[in-house]
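Data block for target23.txt (compact mmCIF, C-alpha atoms):
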```txt
# COMPACT_ATOMS: atom_id res chain seq x y z
CA GLY A 3 47.25 154.45 84.98
CA ALA A 4 44.26 153.49 82.86
CA GLY A 5 41.00 155.19 83.65
CA VAL A 6 37.46 153.92 83.33
CA SER A 7 36.70 152.74 79.82
CA GLN A 8 33.34 152.21 78.18
CA SER A 9 32.27 150.57 74.95
CA PRO A 10 30.85 151.18 72.52
CA ARG A 11 31.29 154.95 72.55
CA TYR A 12 28.29 155.39 70.25
CA LYS A 13 25.36 153.10 69.61
CA VAL A 14 22.42 153.57 67.26
CA ALA A 15 19.55 151.17 67.83
CA LYS A 16 16.18 150.73 66.24
CA ARG A 17 13.24 150.92 68.58
CA GLY A 18 12.62 147.50 70.06
CA GLN A 19 16.22 146.30 69.80
CA ASP A 20 18.20 145.10 72.80
CA VAL A 21 21.52 146.80 73.59
CA ALA A 22 24.43 146.00 75.91
CA LEU A 23 26.79 148.65 77.21
CA ARG A 24 30.11 147.70 78.78
CA CYS A 25 32.13 149.34 81.53
CA ASP A 26 35.70 148.51 82.51
CA PRO A 27 36.41 150.17 85.87
CA ILE A 28 39.79 151.22 87.20
CA SER A 29 41.66 148.13 88.36
CA GLY A 30 41.10 147.45 92.05
CA HIS A 31 38.05 149.69 92.34
CA VAL A 32 35.42 147.95 94.39
CA SER A 33 32.49 150.29 93.76
CA LEU A 34 30.85 150.83 90.38
CA PHE A 35 28.02 153.18 89.50
CA TRP A 36 25.90 153.66 86.38
CA TYR A 37 24.34 157.04 85.56
CA GLN A 38 22.11 158.22 82.72
CA GLN A 39 22.56 161.72 81.31
CA ALA A 40 19.77 163.11 79.11
CA LEU A 41 20.45 166.07 76.86
CA GLY A 42 20.81 169.29 78.86
CA GLN A 43 20.59 167.50 82.19
CA GLY A 44 23.04 166.34 84.82
CA PRO A 45 23.82 162.65 85.26
CA GLU A 46 21.15 160.68 87.14
CA PHE A 47 21.88 157.60 89.22
CA LEU A 48 20.78 154.25 87.85
CA THR A 49 22.42 151.49 89.89
CA TYR A 50 25.37 150.66 92.14
CA PHE A 51 27.61 147.63 92.70
CA GLN A 52 29.93 146.81 95.55
CA ASN A 53 32.14 144.07 94.05
CA GLU A 54 29.67 141.72 92.34
CA ALA A 55 26.74 142.63 94.58
CA GLN A 56 24.16 145.03 93.18
CA LEU A 57 23.29 146.96 96.33
CA ASP A 58 20.99 149.58 94.84
CA LYS A 59 19.01 149.54 91.61
CA SER A 60 16.45 152.12 92.62
CA GLY A 61 17.33 154.43 89.73
CA LEU A 62 16.65 151.97 86.93
CA PRO A 63 13.72 153.51 85.02
CA SER A 64 11.93 150.26 84.15
CA ASP A 65 12.30 146.50 84.18
CA ARG A 66 13.72 146.76 80.67
CA PHE A 67 16.98 147.90 82.28
CA PHE A 68 19.26 145.28 83.76
CA ALA A 69 22.84 145.52 85.03
CA GLU A 70 25.35 142.93 86.13
CA ARG A 71 28.91 142.67 87.37
CA PRO A 72 29.39 138.92 87.73
CA GLU A 73 33.08 138.85 88.69
CA GLY A 74 33.25 142.15 90.49
CA SER A 75 35.13 143.90 87.70
CA VAL A 76 33.59 144.54 84.27
CA SER A 77 29.94 145.58 84.30
CA THR A 78 27.30 145.43 81.60
CA LEU A 79 24.16 147.54 81.41
CA LYS A 80 21.52 145.92 79.23
CA ILE A 81 18.46 147.64 77.87
CA GLN A 82 15.77 145.43 76.38
CA ARG A 83 13.24 146.56 73.78
CA THR A 84 14.75 150.03 73.55
CA GLN A 85 12.44 153.05 73.34
CA GLN A 86 13.15 156.53 72.04
CA GLU A 87 13.14 157.91 75.58
CA ASP A 88 16.15 155.68 76.34
CA SER A 89 18.29 157.92 74.12
CA ALA A 90 20.93 159.42 76.42
CA VAL A 91 24.55 159.19 77.43
CA TYR A 92 25.20 156.30 79.82
CA LEU A 93 28.07 156.99 82.20
CA CYS A 94 29.93 154.51 84.33
CA ALA A 95 31.95 155.55 87.37
CA SER A 96 34.18 153.58 89.71
CA SER A 97 35.72 154.31 93.08
CA LEU A 98 38.18 152.56 95.39
CA ASP A 99 35.32 152.04 97.77
CA MET A 100 31.96 153.68 98.11
CA THR A 101 33.23 156.57 100.24
CA GLU A 102 35.95 157.58 97.81
CA THR A 103 35.83 159.88 94.79
CA GLN A 104 34.01 158.51 91.76
CA TYR A 105 35.93 158.56 88.48
CA PHE A 106 33.89 158.59 85.31
CA GLY A 107 34.36 156.93 81.95
CA PRO A 108 33.73 158.76 78.65
CA GLY A 109 30.20 157.42 78.38
CA THR A 110 28.22 155.59 75.71
CA ARG A 111 25.94 157.79 73.64
CA LEU A 112 22.82 155.77 72.78
CA LEU A 113 20.45 156.95 70.09
CA VAL A 114 17.22 155.02 69.60
CA LEU A 115 15.47 155.65 66.30
CA ASP B 8 12.04 167.75 92.16
CA GLN B 9 15.62 168.94 91.73
CA GLN B 10 17.59 168.49 94.93
CA VAL B 11 20.69 170.15 93.48
CA LYS B 12 20.18 173.29 91.45
CA GLN B 13 22.54 175.24 89.26
CA ASN B 14 20.44 178.21 88.25
CA SER B 15 22.87 179.72 85.75
CA PRO B 16 22.97 177.66 82.56
CA SER B 17 25.97 179.64 81.32
CA LEU B 18 28.67 182.08 82.41
CA SER B 19 31.16 184.05 80.37
CA VAL B 20 34.32 185.63 81.85
CA GLN B 21 37.53 187.19 80.61
CA GLU B 22 40.82 185.35 80.88
CA GLY B 23 42.60 186.25 84.10
CA ARG B 24 39.43 187.24 85.94
CA ILE B 25 37.55 185.27 88.59
CA SER B 26 34.86 182.74 87.65
CA ILE B 27 32.20 182.06 90.28
CA LEU B 28 29.85 179.14 89.76
CA ASN B 29 26.94 178.68 92.13
CA CYS B 30 24.97 175.72 93.38
CA ASP B 31 22.02 175.37 95.75
CA TYR B 32 20.64 172.25 97.35
CA THR B 33 17.45 171.38 99.17
CA ASN B 34 18.25 168.08 100.90
CA SER B 35 19.63 168.82 104.35
CA MET B 36 20.95 165.25 104.56
CA PHE B 37 23.64 166.00 101.98
CA ASP B 38 26.99 166.13 103.76
CA TYR B 39 29.57 165.92 100.98
CA PHE B 40 29.77 168.03 97.86
CA LEU B 41 31.81 167.75 94.69
CA TRP B 42 32.48 169.71 91.54
CA TYR B 43 33.08 167.97 88.24
CA LYS B 44 34.20 169.49 84.96
CA LYS B 45 33.07 168.09 81.63
CA TYR B 46 34.42 168.64 78.13
CA PRO B 47 32.30 167.62 75.11
CA ALA B 48 32.35 163.89 74.34
CA GLU B 49 34.21 163.13 77.59
CA GLY B 50 33.07 161.94 80.97
CA PRO B 51 32.97 164.27 83.99
CA THR B 52 36.37 164.86 85.60
CA PHE B 53 36.61 165.35 89.37
CA LEU B 54 37.81 168.82 90.38
CA ILE B 55 37.39 169.46 94.07
CA SER B 56 35.21 168.43 96.98
CA ILE B 57 34.17 169.63 100.42
CA SER B 58 32.77 167.98 103.48
CA SER B 59 29.97 169.61 105.41
CA ILE B 60 32.25 169.97 108.43
CA LYS B 61 34.24 172.57 106.51
CA ASP B 62 33.27 175.86 104.92
CA LYS B 63 36.15 176.19 102.48
CA ASN B 64 38.49 173.97 100.54
CA GLU B 65 41.23 175.19 98.23
CA ASP B 66 43.26 173.42 95.56
CA GLY B 67 45.43 175.61 93.40
CA ARG B 68 43.26 177.96 91.35
CA PHE B 69 40.07 176.28 92.58
CA THR B 70 38.28 177.08 95.85
CA VAL B 71 34.94 175.74 96.98
CA PHE B 72 32.90 177.56 99.61
CA LEU B 73 30.05 175.97 101.54
CA ASN B 74 27.32 177.86 103.37
CA LYS B 75 25.29 175.20 105.15
CA SER B 76 22.72 177.55 106.62
CA ALA B 77 21.90 178.85 103.15
CA LYS B 78 22.31 175.40 101.55
CA HIS B 79 24.59 177.02 99.02
CA LEU B 80 28.01 176.32 97.62
CA SER B 81 30.17 178.05 95.09
CA LEU B 82 33.26 177.27 93.04
CA HIS B 83 35.77 180.05 92.48
CA ILE B 84 38.37 179.81 89.75
CA VAL B 85 41.17 182.37 89.94
CA PRO B 86 42.65 183.27 87.53
CA SER B 87 40.39 181.87 84.82
CA GLN B 88 42.08 180.37 81.77
CA PRO B 89 40.66 179.54 78.30
CA GLY B 90 41.26 175.83 79.04
CA ASP B 91 38.76 176.13 81.90
CA SER B 92 35.95 176.48 79.34
CA ALA B 93 33.71 173.48 79.99
CA VAL B 94 30.47 172.46 81.68
CA TYR B 95 30.74 172.40 85.47
CA PHE B 96 28.53 170.09 87.50
CA CYS B 97 27.81 170.42 91.18
CA ALA B 98 27.09 167.09 92.91
CA ALA B 99 26.10 166.06 96.41
CA ARG B 100 25.77 162.88 98.38
CA VAL B 101 24.57 161.53 101.71
CA SER B 102 27.25 159.62 103.62
CA GLY B 103 26.45 156.47 105.52
CA GLY B 104 24.16 153.68 104.48
CA SER B 105 24.98 151.33 101.66
CA ASN B 106 25.05 153.70 98.72
CA TYR B 107 27.07 156.82 98.10
CA LYS B 108 25.31 157.78 94.89
CA LEU B 109 25.79 161.30 93.59
CA THR B 110 22.95 163.73 92.89
CA PHE B 111 23.92 166.23 90.20
CA GLY B 112 22.78 169.66 89.14
CA LYS B 113 22.10 170.43 85.47
CA GLY B 114 25.46 172.08 84.97
CA THR B 115 26.79 175.53 84.08
CA LEU B 116 28.62 176.14 80.81
CA LEU B 117 31.67 178.32 81.54
CA THR B 118 33.28 180.18 78.66
CA VAL B 119 36.60 181.91 79.32
CA ASN B 120 37.39 184.40 76.60
CA PRO B 121 41.04 185.15 75.72
```

Once more with this new file: its structure as structure tokens, please.
Amino acid sequence: GAGVSQSPRYKVAKRGQDVALRCDPISGHVSLFWYQQALGQGPEFLTYFQNEAQLDKSGLPSDRFFAERPEGSVSTLKIQRTQQEDSAVYLCASSLDMTETQYFGPGTRLLVL
Amino acid sequence: DQQVKQNSPSLSVQEGRISILNCDYTNSMFDYFLWYKKYPAEGPTFLISISSIKDKNEDGRFTVFLNKSAKHLSLHIVPSQPGDSAVYFCAARVSGGSNYKLTFGKGTLLTVNP
């Protein structure tokens, strides 16, 4: 079946621009996670949804980062007024429920100039 | 402060030999561990996992060993194949509560030479 998909795959933004990154989880997966992976590092947790409820946003680096999953399926990660330090790969993962294995999408590579 | 550490940034082995990738953790609350494999420009792919109630889990060519007292786990790949060349991430989580987020190491780049 279809895996987790993310769009766009690559995004170049000028400093100060707003960006929106989309994640389509595996159908029927209740849990959805966002991670940020900087160059040479492992993925780091940003936020977590159970259906449409955002249960943990402790990993969001600043109030410029905002995530939503209004209908409990597709999720959008929005970054306002992007900064150069926001340049990273943003990974989305979904799981059947929170105790099950997380399956990752291909990521969106964001470059802020 | 890194709670999951992969101290070898890279490892090179010959095809057919054993690959051993190591991982250490500091958080004693971690009770479930996973290995993911990542090719360039792709997302991490789940390989194998182990619960803290076990000390070994095997799946085909892949075996994960857990030493809780040493807070150490390792992934063994036997025999290694060129297609195994990728970055391997160790990840850990705390079960219970309302969030099963994963904490990752920095990864080890495995190169299997033909």

Counting all atoms listed in the file, what are the residues of chain B within 6 Å of chain A, and for each of them which pair of atoms is the nearest and at what distance in Å, to one decimal? Sort the table by chain and rising number, as a tab-separated table.
```
residue	atom	partner	partner_atom	distance
B:Glu49	CA	A:Pro108	CA	4.5
B:Gly50	CA	A:Pro108	CA	4.0
B:Pro51	CA	A:Phe106	CA	5.9
B:Tyr107	CA	A:Met100	CA	5.8
B:Phe111	CA	A:Gly44	CA	5.5
B:Gly112	CA	A:Gly44	CA	5.5
B:Lys113	CA	A:Gly44	CA	4.2
```

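Our summary of the geometry notes that atom CA of Leu54 of chain B is positioned 28.4 Å from atom CA of Glu54 of chain A.
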
Nearest to Asn14 of chain B, chosen from B:Ser81, B:Thr110, B:Ser87, B:Ser26, with all atoms listed in the file counted in the distances: B:Ser81

Atom-to-atom span, atom CA of Glu73 of chain A and atom CA of Gly61 of chain A, Å: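 Between atom CA of Glu73 of chain A and atom CA of Gly61 of chain A the gap is 22.2 Å.
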
Edge lengths and centre in Å, axis-aligned, segment 39-53 of chain B plus 4 Å each side, as JSON:
```
{"center_x": 33.1, "center_y": 165.8, "center_z": 87.7, "size_x": 15.0, "size_y": 15.8, "size_z": 34.6}
```

Skip Ile81 of chain A itself and residues of its chain fewer than 3 positions away, then list as a PyMOL selection string all residues within 7 Å of it, counting all atoms listed in the file. chain A and resi 20-22+66-68+84

Nearby residues (all atoms listed in the file) at most 9 Å from Ser15 of chain B, same-chain spacing under 4 positions excluded, as a count of residues only: 6

If we count only C-alpha atoms and set the cut-off at 9 Å, which residues sit around Gln21 of chain B, ignoring sequence neighbours fewer than 3 positions away in its own chain? Please answer as a short mmCIF file (atom, residue, chain, number, x, y, z; two decimals) with C-alpha atoms, in the coordinates of the input.
```cif
data_model
loop_
_atom_site.label_atom_id
_atom_site.label_comp_id
_atom_site.auth_asym_id
_atom_site.auth_seq_id
_atom_site.Cartn_x
_atom_site.Cartn_y
_atom_site.Cartn_z
CA ARG B 24 39.43 187.24 85.94
CA ILE B 25 37.55 185.27 88.59
CA SER B 26 34.86 182.74 87.65
CA SER B 87 40.39 181.87 84.82
CA GLN B 88 42.08 180.37 81.77
CA PRO B 89 40.66 179.54 78.30
CA THR B 118 33.28 180.18 78.66
CA VAL B 119 36.60 181.91 79.32
CA ASN B 120 37.39 184.40 76.60
CA PRO B 121 41.04 185.15 75.72
#
```

Atom pair atom CA of Ser89 of chain A / atom CA of Lys16 of chain A: separation (Å):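 A separation of 10.9 Å between them.
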
Using all atoms listed in the file, the shortest atom-to-atom distance to Arg71 of chain A among A:Gly30, A:Asn53, A:Gln38, A:Leu115 belongs to A:Asn53

Which of these residues is nearest to Ala99 of chain B, using all atoms listed in the file: B:Ala48, B:Leu82, B:Thr33, B:Leu117?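 Closest to Ala99 of chain B, using all atoms listed in the file: B:Thr33.
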
Pick from A:Ser75, A:Ser9, A:Gln86, A:Ser60: nearest to Ile28 of chain A, with all atoms listed in the file counted?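 Result for the nearest residue to Ile28 of chain A: A:Ser75.
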
Residues proximal to (20.8, 160.6, 99.5) were defined as those with any atom within 9 Å of that point in the file's coordinates, counting all atoms listed in the file. Which are they, as a VMD selection string? chain B and resid 34 36 to 37 99 to 102 106 to 110

Write the residues you've just listed into a file as an mmCIF file, in the coordinates of the input, and include C-alpha atoms for each of them.
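Final output, again16.cif:
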```cif
data_model
loop_
_atom_site.group_PDB
_atom_site.id
_atom_site.type_symbol
_atom_site.label_atom_id
_atom_site.label_comp_id
_atom_site.auth_asym_id
_atom_site.auth_seq_id
_atom_site.Cartn_x
_atom_site.Cartn_y
_atom_site.Cartn_z
ATOM 1 C CA ASN B 34 18.250 168.080 100.900
ATOM 2 C CA MET B 36 20.950 165.250 104.560
ATOM 3 C CA PHE B 37 23.640 166.000 101.980
ATOM 4 C CA ALA B 99 26.100 166.060 96.410
ATOM 5 C CA ARG B 100 25.770 162.880 98.380
ATOM 6 C CA VAL B 101 24.570 161.530 101.710
ATOM 7 C CA SER B 102 27.250 159.620 103.620
ATOM 8 C CA ASN B 106 25.050 153.700 98.720
ATOM 9 C CA TYR B 107 27.070 156.820 98.100
ATOM 10 C CA LYS B 108 25.310 157.780 94.890
ATOM 11 C CA LEU B 109 25.790 161.300 93.590
ATOM 12 C CA THR B 110 22.950 163.730 92.890
#
```

Extract segment 31-44 of chain A from the coordinates I pasted, and write it as a tab-separated table (two decimals), in the first residue's frame (atoms kept: N, CA, C and O atoms).
```tsv
chain	number	residue	atom	x	y	z
A	31	HIS	N	-3.84	5.48	9.88
A	31	HIS	CA	-2.90	5.69	10.98
A	31	HIS	C	-3.38	6.86	11.83
A	31	HIS	O	-3.58	7.97	11.36
A	32	VAL	N	-3.48	6.57	13.11
A	32	VAL	CA	-4.03	7.53	14.05
A	32	VAL	C	-2.98	8.54	14.52
A	32	VAL	O	-3.25	9.71	14.72
A	33	SER	N	-1.75	8.04	14.68
A	33	SER	CA	-0.69	8.87	15.26
A	33	SER	C	0.19	9.46	14.16
A	33	SER	O	0.50	8.80	13.17
A	34	LEU	N	0.58	10.72	14.35
A	34	LEU	CA	1.42	11.40	13.37
A	34	LEU	C	2.46	12.24	14.11
A	34	LEU	O	2.13	12.95	15.07
A	35	PHE	N	3.70	12.10	13.68
A	35	PHE	CA	4.82	12.78	14.32
A	35	PHE	C	5.55	13.63	13.28
A	35	PHE	O	5.70	13.23	12.14
A	36	TRP	N	6.07	14.76	13.72
A	36	TRP	CA	6.99	15.57	12.92
A	36	TRP	C	8.35	15.58	13.60
A	36	TRP	O	8.45	15.74	14.84
A	37	TYR	N	9.40	15.43	12.78
A	37	TYR	CA	10.78	15.48	13.26
A	37	TYR	C	11.56	16.45	12.37
A	37	TYR	O	11.25	16.63	11.19
A	38	GLN	N	12.61	17.02	12.94
A	38	GLN	CA	13.52	17.89	12.19
A	38	GLN	C	14.90	17.23	12.19
A	38	GLN	O	15.39	16.82	13.25
A	39	GLN	N	15.51	17.12	11.01
A	39	GLN	CA	16.84	16.52	10.93
A	39	GLN	C	17.81	17.52	10.34
A	39	GLN	O	17.76	17.82	9.14
A	40	ALA	N	18.72	18.04	11.18
A	40	ALA	CA	19.77	18.94	10.71
A	40	ALA	C	20.88	18.10	10.09
A	40	ALA	O	20.99	16.89	10.33
A	41	LEU	N	21.71	18.75	9.30
A	41	LEU	CA	22.78	18.06	8.61
A	41	LEU	C	23.71	17.36	9.59
A	41	LEU	O	24.18	17.96	10.56
A	42	GLY	N	23.94	16.06	9.37
A	42	GLY	CA	24.86	15.31	10.22
A	42	GLY	C	24.29	14.89	11.56
A	42	GLY	O	25.01	14.36	12.41
A	43	GLN	N	23.01	15.12	11.76
A	43	GLN	CA	22.37	14.78	13.03
A	43	GLN	C	21.27	13.75	12.80
A	43	GLN	O	20.87	13.48	11.68
A	44	GLY	N	20.80	13.17	13.90
A	44	GLY	CA	19.63	12.31	13.81
A	44	GLY	C	18.37	13.15	13.87
A	44	GLY	O	18.39	14.32	14.26
```
